[in-house]
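One structure is given here, and the rest of the page talks about it.
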Amino acid sequence: MDPNTAGWALVVALFLPLVGAGALAMMPSSMDRQIRRAAVVITGVAFALVAVITASFDFSRSGELQFTTDASWISAIDARFELGMDGISLPLFFLTYLLTFLCAIYTTKHLPSPGKPKAFLALMLLLQTGMAGTFVAFDLVLFFIFWELVLVPMFFMIGMWGGPRRDYASVKFFLYTLFGSIFMLIAFLAIYFTAGANTWSIQALSEMAPFGSTTFQTWAFLGMFLGFAIKVPMWPFHTWLPDAHTEAPTVGSVLLAGVLLKMGTYGFVRIALPILPEGAVRFAPLIGVLAVIGIVYGALCCLAQTDVKRLIAFSSVGHMGFVMLGIAAMNEAGIQAALFGNIAHGIITGMLFFLAGSLHERYHTREIAVIGGGMLKKIPRYGVLLTYVAVASLGLPGLAGFWGEFTAMWAAISPGLGLADQYAGLYLGLVVFAAIGTVLTAGYFLWLLQRVNLGDPPERWVNEQLDDVMTIEWVTWLPLLLLILALGIFPVLVFGVQDAAVTNLMGYLGG
Amino acid sequence: MESLLELAWVVTLLPLLSAAAIAAFGKQLPGKGSELGIAALAITWLLSIGIAWQTFSAGTPEPFERAFEWSPLGGGFIFELGMLVDGLTAMMFLLVTTVSLMVHIYSREYMKGEPRFTYFYAMLSLFTFSMLLLVIANNTLLAVVGWELVGLCSFLLIGFYWEDKSNQDAANKAFLTTKFGDVGLIVGVIVLSAGMFGTGTSTPFNIQETNAAAMAGELSTGTIVLGMLLIFLGCVSKSGQMPLHVWLPDAMAGPTPVSALIHAATMVTAGIFLLARLFPVLAQSATVMAVIAIVGVITLFFGGLLALVQDDLKKVLAYSTVSQLGYMIAAIGVGGYTASIFHLFTHGFFKALLFLGAGSLIHAVHSNNMSDMGGMRKPMPHTFWTFIIGSLALAGFPLTAGFFSKDEILIAGDLWAGQGFMTGNLVYWVGLAAAFVTTFYMARACFLVFAGENRSHHAPHESGPQMVAPLMLLAVLSIASGYLLSPFSSQEFNFENWTATPFVEDATYPFIDAEASGGGVLAAGGQSIMAAADGEFTILHGVPTWHFDLLAIVLVVFAAAVFLAYRFYGKGLPERDPTLNMGAATTVLVNKYGFDAFGYRYIVVPVRDTLAKWATWSSNVVIDGMVAGAGRATKNAAFATYRVLDQRVIDGGVNGAAFSAAWWSDRLKRIQSGDVQRYAGALVAGTIVLVLAIAAVR
C-alpha cells in the first residue's frame with residue numbers, strides 16, 4: 001500500500017465501524033451470539049486494516065501527512081473532507097482500533113445488564129468512528145463533527161449500561177463536555193473569520209499562523225482551552241470524570257480512559273498550539289500550574305477513595321496532569337512527552353479499568369474495605385496482574401508509564417518559546433511538585449495493593465468460589481500487558497514515530 | 001574479540017534472562033529454579049572476575065564506553081542505551097556478582113521449603129540485573145532506570161512474607177521513603193541535564209560528558225549546586241542517611257539473604273556509587289561537599305548509637321550498615337573518593353558475611369533476638385569464626401579489610417582538615433569516636449550470641465555446606481580485599497589506580513587555591529594530595545604508608561571497647577543490660593530519636609488522612625457543587641423563562657407567537673429531563689445552519 005496514494009484505506013478504516021454499526025442494527029436482536037461475533041469480526045477487520053496501514057506507513061517521513069484524502073465537501077462554507085495521518089496521529093489511531101477490538105472480544109463474554117448486545121455494540125462501533133475520526137480529520141468542521149459524534153454513543157453507554165447513578169453521570173458527562181465544545185466551536189469560527197482564507201484546513205491555518213491580534217489569540221485560545229481542558233480533564237474541570245468512570249460499564253470506562261480523554265490533549269497539540277501559538281504561550285504557565293495541581297490533587301483524592309474504580313478514575317486526573325505539563329513546556333520534548341503519556345495512559349489505565357471491571361464481577365463490590373485483602377491468595381494471577389499494572393501506572397522505569405512522566409518533567413525544566421526567560425523559577429517549582437506527585441501516586445497504589453492484594457482473605461470470601469483470570473480475559477488483556485512492557489523497554493516505538501511530526505509541529509510555533 | 005570489556009553487557013543481561021527463565025519454568029525444575037539463577041550468576045561472576053582482572057592489570061584503565069541511540073526524546077536529544085566500563089564499574093561488578101552468587105547459593109538451604117521459593121529466586125536475579133544496570137549505565141537516565149528497579153525489587157523482597165501486616169508496612173515504608181528521595185534524584189538529574197543543553201550535546205545525560213563539562217567550567221554554579229544537592233537527596237534516602245534512614249532497619253522484615261545482598265552489600269551503596277560516578281561534578285562546589293560530609297558524619301555517629309540498644313541481631317547489623325554508609329558518604333564529602341569506594345568494596349563483603357552469619361544463627365534458633373541465642377560458639381563453630389572475622393573487619397581491627405578501608409577514610413578527613421576544612425576534622429574525630437561505638441556494639445553482639453549459656457528453646461546445630469561455604473569465602477574476602485590498598489600492595493596495581501578515572505586524575509578542586517595551600521588536586525587518596533602538599537602538583541599514585549599514630553589510637557579504641565563489652569556481656573546476657581539502662585539516653589535511642597514517629601505523625605497521617613480527605617471534599621462538594629449549581633441555575637432560568645416570559649408575557653400576545661414559544665420551551669424542558677440525543681442533534685444541525693447562513697451572507 002502506497003502511503004501517498006492510498007487515502008482510500010484510511011477512509012475505509014474510518015467508516016468500516018460505522019457501516020458495521022448499521023449492519024449490526026439490521027440483525028435481529030434474537031441472534032445474540034452472532035451479533036457479538038459479528039462485532040468481533042468487524043472490529044477485527046478494521047484493526048487488521050489499521051495494522052496494514054501502520055505497516056505501510058512511511059516512517060522515514062513521519063512528519064508529513066500520509067494516506068491523505070482531500071475532497072470537496074460542503075463548499076458553501078468551505079468545509080472540506082480532509083483526512084490524513086502523520087506520526088502524531090498514528091499511535092492514537094492505532095490505539096483506538098486496538099482497544100475497540102479488545103473491547104469487542106471482551107463483550108462476547110461480559111455485558112452488564114440490561115444486555116442488549118446489538119444496541120451496545122452498534123453504539124461502540126459508532127463511538128469508534130467518532131474517536132478515530134478526530135485523530136485523522138484535518139478540517140476543523142470535520143474534526144468538530146467527529147468530536148461531537150463521540151458524545152452520543154458514550155452517553156447511552158453510560159446511561160443504559162451503567163451503574164446505579166448512571167442517569168446523573170451520563171447527563172453530566174454529556175452536558176459538561178458539550179458546554180466546553182460550544183466554546184471550542186466559537187473559537188473555530190473566530191479563527192475561520194480572522195484568518196480570512198476561506199479555509200478550515202488545520203494544515204493551512206497552522207502554516208498561516210500566527211494571525212490576528214493578541215486579543216484574538218487570547219480569546220480564541222481561551223475558547224479552545226475550555227473545550228479541550230474539560231475533555232482532558234484538567235483540574236478544576238475534572239468532576240464529570242469520576243462520576244462517568246464509576247458508573248460506566250467496563251468497556252465504556254476502558255474507551256473513555258483509553259481514547260476519549262486523549263482527544264482533549266490531541267486537540268491542544270494538533271489545533272490549539274500550532275494555530276494559536278501566541279495564545280498558547282500566554283496560556284502555557286497557567287496550563288502548567290493547573291496540570292501540576294491536577295497531579296498532586298488527583299493523587300491526594302486517590303488516597304481518600306474507598307471504591308477501586310473511582311480511585312482509578314481519579315488517578316487519571318493526575319496522569320493527564322503529566323500530559324498537560326508536557327504541553328505547558330512548549331518545546332519538542334514536552335510535546336513528545338505529552339503524546340507518549342497519552343498512549344501510555346491509554347494502555348495502562350484502560351487495562352486498570354478492565355481489572356476493576358473483573359474485580360466487580362467477582363466480588364460484586366468495588367469497596368476496598370469489603371474486599372479486605374488476600375487476593376494474592378484467593379485469585380493469585382489476578383493479584384499479580386493488578387500489581388503489574390499498578391506498578392506501571394505509578395511510573396516504574398522499564399514499563400510504559402515512566403517515559404511520559406519523566407520526559408514531561410525533563411522538558412518542563414527548560415520551557416520553550418521564550419518561557420524560560422520569564423518563568424524559569426515557576427517551571428522549576430512545577431517540576432518539583434510534579435515529582436512529589438509521583439511519590440503520592442506510589443503511595444496510593446501501594447496502599448491499594450496492600451489493602452486488596454496482601455494478607456489473608458477475610459472470612460466472608462474464604463469459602464467463596466472466585467475465578468482466577470479466565471481465558472477471555474487473558475485474550476483481551478495480553479496485548480495490553482505486553483504493550484506496557486514493550487513501550488517501557490522500547491520507548492522509540494512511540495517517540496521515534498512522533499519525532500519528525502513533533503519537529504514539524506514546533507516549526508509552526510516558531511520553536 | 002579484542003577485550004573482555006566488550007562483553008560487559010552480558011554480565012548485566014544474563015541475570016535478567018535467568019530471572020525470566022526462572023519465572024517461566026523454574027517450578028518444573030528439580031531445584032525449583034535456583035539452579036538457573038546460580039548458573040547464570042556463576043557465569044556473570046567469572047566474567048566479572050575477568051573484567052576486573054583486565055582493568056586491574058591495566059594500571060589505570062581507560063574508560064570503555066559503547067552506546068547506541070535507543071530513542072529520541074524530542075528536540076534532537078536522544079536517550080542512549082550504553083555502557084561505561086572502567087575500574088569503578090569493574091569493582092562494582094565484582095562486588096555485586098560475588099555477593100549475589102553467595103546469596104544465591106546460601107538461599108538454597110536457607111529458603112528451603114518456603115512457599116514462593118521460585119519467586120524468591122526470580123526476584124534475586126531480577127534485583128541483580130537491576131543493580132548491574134545501574135552500575136554499567138553510561139548515562140544518568142539509564143542509571144535512574146536501574147535505581148528505580150532495584151527499589152522495586154527491594155520492595156517486593158522486603159514484603160516477601162506479605163501475609164503479615166508489619167512486613168507489608170515495612171515494604172511500603174521502604175518504597176515510599178526512597179521514592180521521596182527519588183524526587184531529588186530525578187529533579188537533580190533533570191537539572192544537570194538541562195545544564196548540559198548549553199554545551200550543544202545531543203546526549204545531555206551522558207556521565208562522561210557531564211563530568212567533562214563540569215571540569216571545564218561549562219556548568220553554572222547554580223546547576224552544579226542545585227543538581228548535586230538534589231541528587232544527594234536521592235542518595236540520602238537510598239543509602240540510608242539520616243533522617244531518611246528510617247526504612248532500612250524496618251527492611252529487615254525481608255528474608256535474611258535479601259538483607260545481606262540488598263540492604264547491606266549492594267543496593268544501599270547505590271547512592272555512594274552515584275556520587276562517585278559524578279564526583280568531578282560535586283567536587284566543583286565546596287557547599288555540596290560540605291553538606292555531603294556533614295550528613296555523613298551525623299549518620300555515621302548517630303546511626304551507630306542506635307545499634308547499642310537493639311536486641312534483634314539483624315537490627316544491630318542494619319544500624320551498623322547505616323553508620324558504615326555514613327562513613328562512605330562522609331568520605332566523599334572530604335575528597336576521599338578512593339577511600340569511600342574502597343570502604344564500599346570491603347564493607348560489601350564483611351557486612352554480607354555478617355548478615356549471612358546472622359541468618360545461619362536465626363536458622364538455628366528460629367529467632368532474630370540475641371536474648372534467644374547465647375553459647376552458640378560450640379554448636380556452630382564455622383558460623384562462629386566467620387562471624388568473628390566479619391565483626392573484626394567491621395570494627396576495623398588491624399590487618400582486616402575494614403581496618404585498611406576505614407583508616408583511609410580517617411586519613412582523608414585528616415588531609416581535608418589540612419586544607420583548612422572543618423568537615424575534615426569532623427570526619428576524623430567523629431569517625432574515630434564512632435569506631436569505638438562500632439566495636440562496642442559488635443563486641444556486645446558477639447558476646448551475647450556466642451558466649452554464655454544457650455538461651456534458645458532449640459538444640460542449635462551448624463548449618464549445612466551450602467550456607468557455610470559462602471560464609472567461608474566471604475570471611476576470606478573480608479580480610480583479603482583490604483590488601484588491594486594497603487602498605488603491602490603494589491605501587492602500580494592497587495585499588496586506587498584501578499578505580500581512578502581520568503576525570504578524577506585530572507580534575508582539581510576549583511575552590512581550593514592550589515598555589516597557596518599546595519592542595520587542590522582531586523585525585524583520590526591521601527598520597528596524591530600529600531604529594532601536592534609538598535609543592536609538586538603532579539599526581540603521585542601510591543599505596544598508603546603506615547600511620548602509626550592512627551594505628552595506635554585505633555588499637556586503644558578497639559581494646560577499650562572490647563574490654564568494656566566483655567565486662568558487661570562476657571558471661572552472657574546480663575540481668576540489667578547496661579545499654580538499656582542509660583535513662584534518658586536509652587529512651588531516646590529506643591525511640592530512634594523520634595524520626596519514625598515524627599514521619600508518621602506529621603507526614604503520613606496529615607497527607608493520608610487530612611489532605612486527602614480535604615482534596616476529595618473540595619472536589620466532590622466545592623468544585624462539583626459549582627458545576628451542579630451552574631446546571632441548576634440554567635434549569636431554573638429555563639423554567640422561569642417558560643413560566644414568566646412565555647406563559648404570562650407572550651401568551652397574552654399573538655397566539656401564533658405564543659404557540660411557537662411554547663413549542664420551544666417544551667423542547668427546552670425535555671432537554672432538562674435528560675433527552676440529550678435531541679439536544680445534540682439540534683446543536684449540530686443548528687451549527688451547520690448558522691455557518692451556512694453566515695457563509696451565505698458573506
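Following the order of the C-alpha cells, chains are lettered A, B, ..., residues in each are numbered from 1, and ligands are numbered from 1.
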Which residues of chain A are close to chain B, meaning at most 6 Å apart when you count only C-alpha atoms, and how do they look as a PDB file with C-alpha atoms, in the first residue's frame?
```pdb
ATOM      1  CA  ILE A  77     -18.910  27.071   3.941  1.00  0.00           C
ATOM      2  CA  THR A 239     -15.584  16.468  38.254  1.00  0.00           C
ATOM      3  CA  LEU A 300      -4.490  13.111  47.127  1.00  0.00           C
ATOM      4  CA  CYS A 301      -8.049  12.327  46.067  1.00  0.00           C
ATOM      5  CA  LEU A 303      -5.681   8.334  48.750  1.00  0.00           C
ATOM      6  CA  ALA A 304      -9.137   9.058  50.099  1.00  0.00           C
ATOM      7  CA  GLU A 332       9.617  19.415  21.377  1.00  0.00           C
ATOM      8  CA  ALA A 333      10.469  17.184  24.286  1.00  0.00           C
ATOM      9  CA  GLN A 336       6.773  14.239  22.767  1.00  0.00           C
ATOM     10  CA  PRO A 397      11.030   2.678  34.565  1.00  0.00           C
ATOM     11  CA  TRP A 410      12.553  16.953  31.971  1.00  0.00           C
ATOM     12  CA  ALA A 435       7.887  14.862  41.190  1.00  0.00           C
ATOM     13  CA  VAL A 439       5.551   9.893  45.457  1.00  0.00           C
ATOM     14  CA  LEU A 454      -1.927  -8.806  50.581  1.00  0.00           C
ATOM     15  CA  GLY A 455      -2.704 -10.534  53.799  1.00  0.00           C
ATOM     16  CA  VAL A 492      11.329   4.535  20.465  1.00  0.00           C
TER      17      VAL A 492
END
```
What's around segment 46-52 of chain B at 7 Å? Count only C-alpha atoms, leave out sequence neighbours fewer than 6 positions away in its own chain, and write the answer as a list of chain:residue names.
B:Leu4, B:Leu5, B:Val11, B:Ala90, B:Met91, B:Phe93, B:Leu94
Within 8 Å of Leu18 of chain A, counting only C-alpha atoms, which residues show up once you throw out same-chain ones fewer than 2 positions away? Write them as an NGL selection string, please.
:A and (14-16 or 20-22 or 125-126 or 128-129)
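With only C-alpha atoms taken into account, the protein and nucleic acid residues at most 8 Å from Leu140 of chain A (excluding it and anything under 5 positions from it in its own chain) are Ala79, Phe188, Trp200, Ser201 and Ile202 of chain A.
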Generate a file of the selected residues that holds N, CA and C atoms, formatted as a compact mmCIF listing (two decimals), in the first residue's frame.
```
# COMPACT_ATOMS: atom_id res chain seq x y z
N ALA A 79 -16.01 23.99 3.89
CA ALA A 79 -15.57 22.81 4.64
C ALA A 79 -15.18 21.72 3.67
N PHE A 188 -13.32 28.13 16.83
CA PHE A 188 -13.10 27.70 15.44
C PHE A 188 -13.63 28.77 14.49
N TRP A 200 -10.87 25.85 6.48
CA TRP A 200 -10.90 25.26 7.83
C TRP A 200 -9.73 24.29 7.98
N SER A 201 -8.88 24.25 6.99
CA SER A 201 -7.81 23.25 6.99
C SER A 201 -6.82 23.50 8.14
N ILE A 202 -6.63 22.49 8.93
CA ILE A 202 -5.71 22.64 10.08
C ILE A 202 -4.31 22.92 9.59
```
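Distance-wise, atom CA of Tyr642 of chain B and atom CA of Ser665 of chain B end up 6.0 Å apart.
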Find the residues around Leu24 of chain A up to 12 Å (only C-alpha atoms counted), leave out those fewer than 5 positions away in its own chain, and share them as a PyMOL selection string.
chain A and resi 17-19+29-42+116-126
Segment 181-292 of chain A: which residues are helix (DSSP H, G or I) by DSSP, as a PyMOL selection string?
chain A and resi 181-195+202-208+214-231+240-247+250-275+277-292
Could you name the residues that touch Ala412 of chain A at 9 Å or less, counting only C-alpha atoms, but leaving out those on the same chain fewer than 6 positions away, as a VMD selection string?
chain A and resid 288 325 to 331 333 to 334 427 to 428 430 to 431
Contacts of Leu417 of chain A within 10 Å, only C-alpha atoms, excl. fewer than 5 positions in-chain, as a PyMOL selection string
chain A and resi 277-278+280-281+329-331+506+509-511
Write out, as a PDB file, in the first residue's frame, the residues just selected, with C-alpha atoms.
```
ATOM      1  CA  PRO A 277       0.907  29.967  19.049  1.00  0.00           C
ATOM      2  CA  GLU A 278       0.811  33.351  20.753  1.00  0.00           C
ATOM      3  CA  ALA A 280      -0.615  29.144  23.631  1.00  0.00           C
ATOM      4  CA  VAL A 281       2.490  30.822  25.000  1.00  0.00           C
ATOM      5  CA  ALA A 329       6.623  23.078  28.407  1.00  0.00           C
ATOM      6  CA  MET A 330       6.063  24.311  24.839  1.00  0.00           C
ATOM      7  CA  ASN A 331       9.080  22.524  23.449  1.00  0.00           C
ATOM      8  CA  MET A 506       7.029  23.013  16.619  1.00  0.00           C
ATOM      9  CA  LEU A 509       5.072  27.520  16.754  1.00  0.00           C
ATOM     10  CA  GLY A 510       8.329  29.117  15.754  1.00  0.00           C
ATOM     11  CA  GLY A 511      10.232  26.998  18.208  1.00  0.00           C
TER      12      GLY A 511
END
```
Taking only C-alpha atoms into account, name the residue in A:Thr134, A:Thr246, A:Thr407, A:Ser253 that is nearest to Arg165 of chain A.
A:Thr246
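Atom to atom, atom CA of Gly59 of chain B and atom CA of Glu80 of chain B stand 28.8 Å apart.
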Select, from A:Gly350, A:Gly372, A:Pro164, A:Gly7, the residue with the minimum atom-to-atom distance to Leu483 of chain A, counting only C-alpha atoms.
A:Gly350
Two-atom distance - atom CA of Leu317 of chain B, atom CA of Gly413 of chain B (Å):
24.9 Å
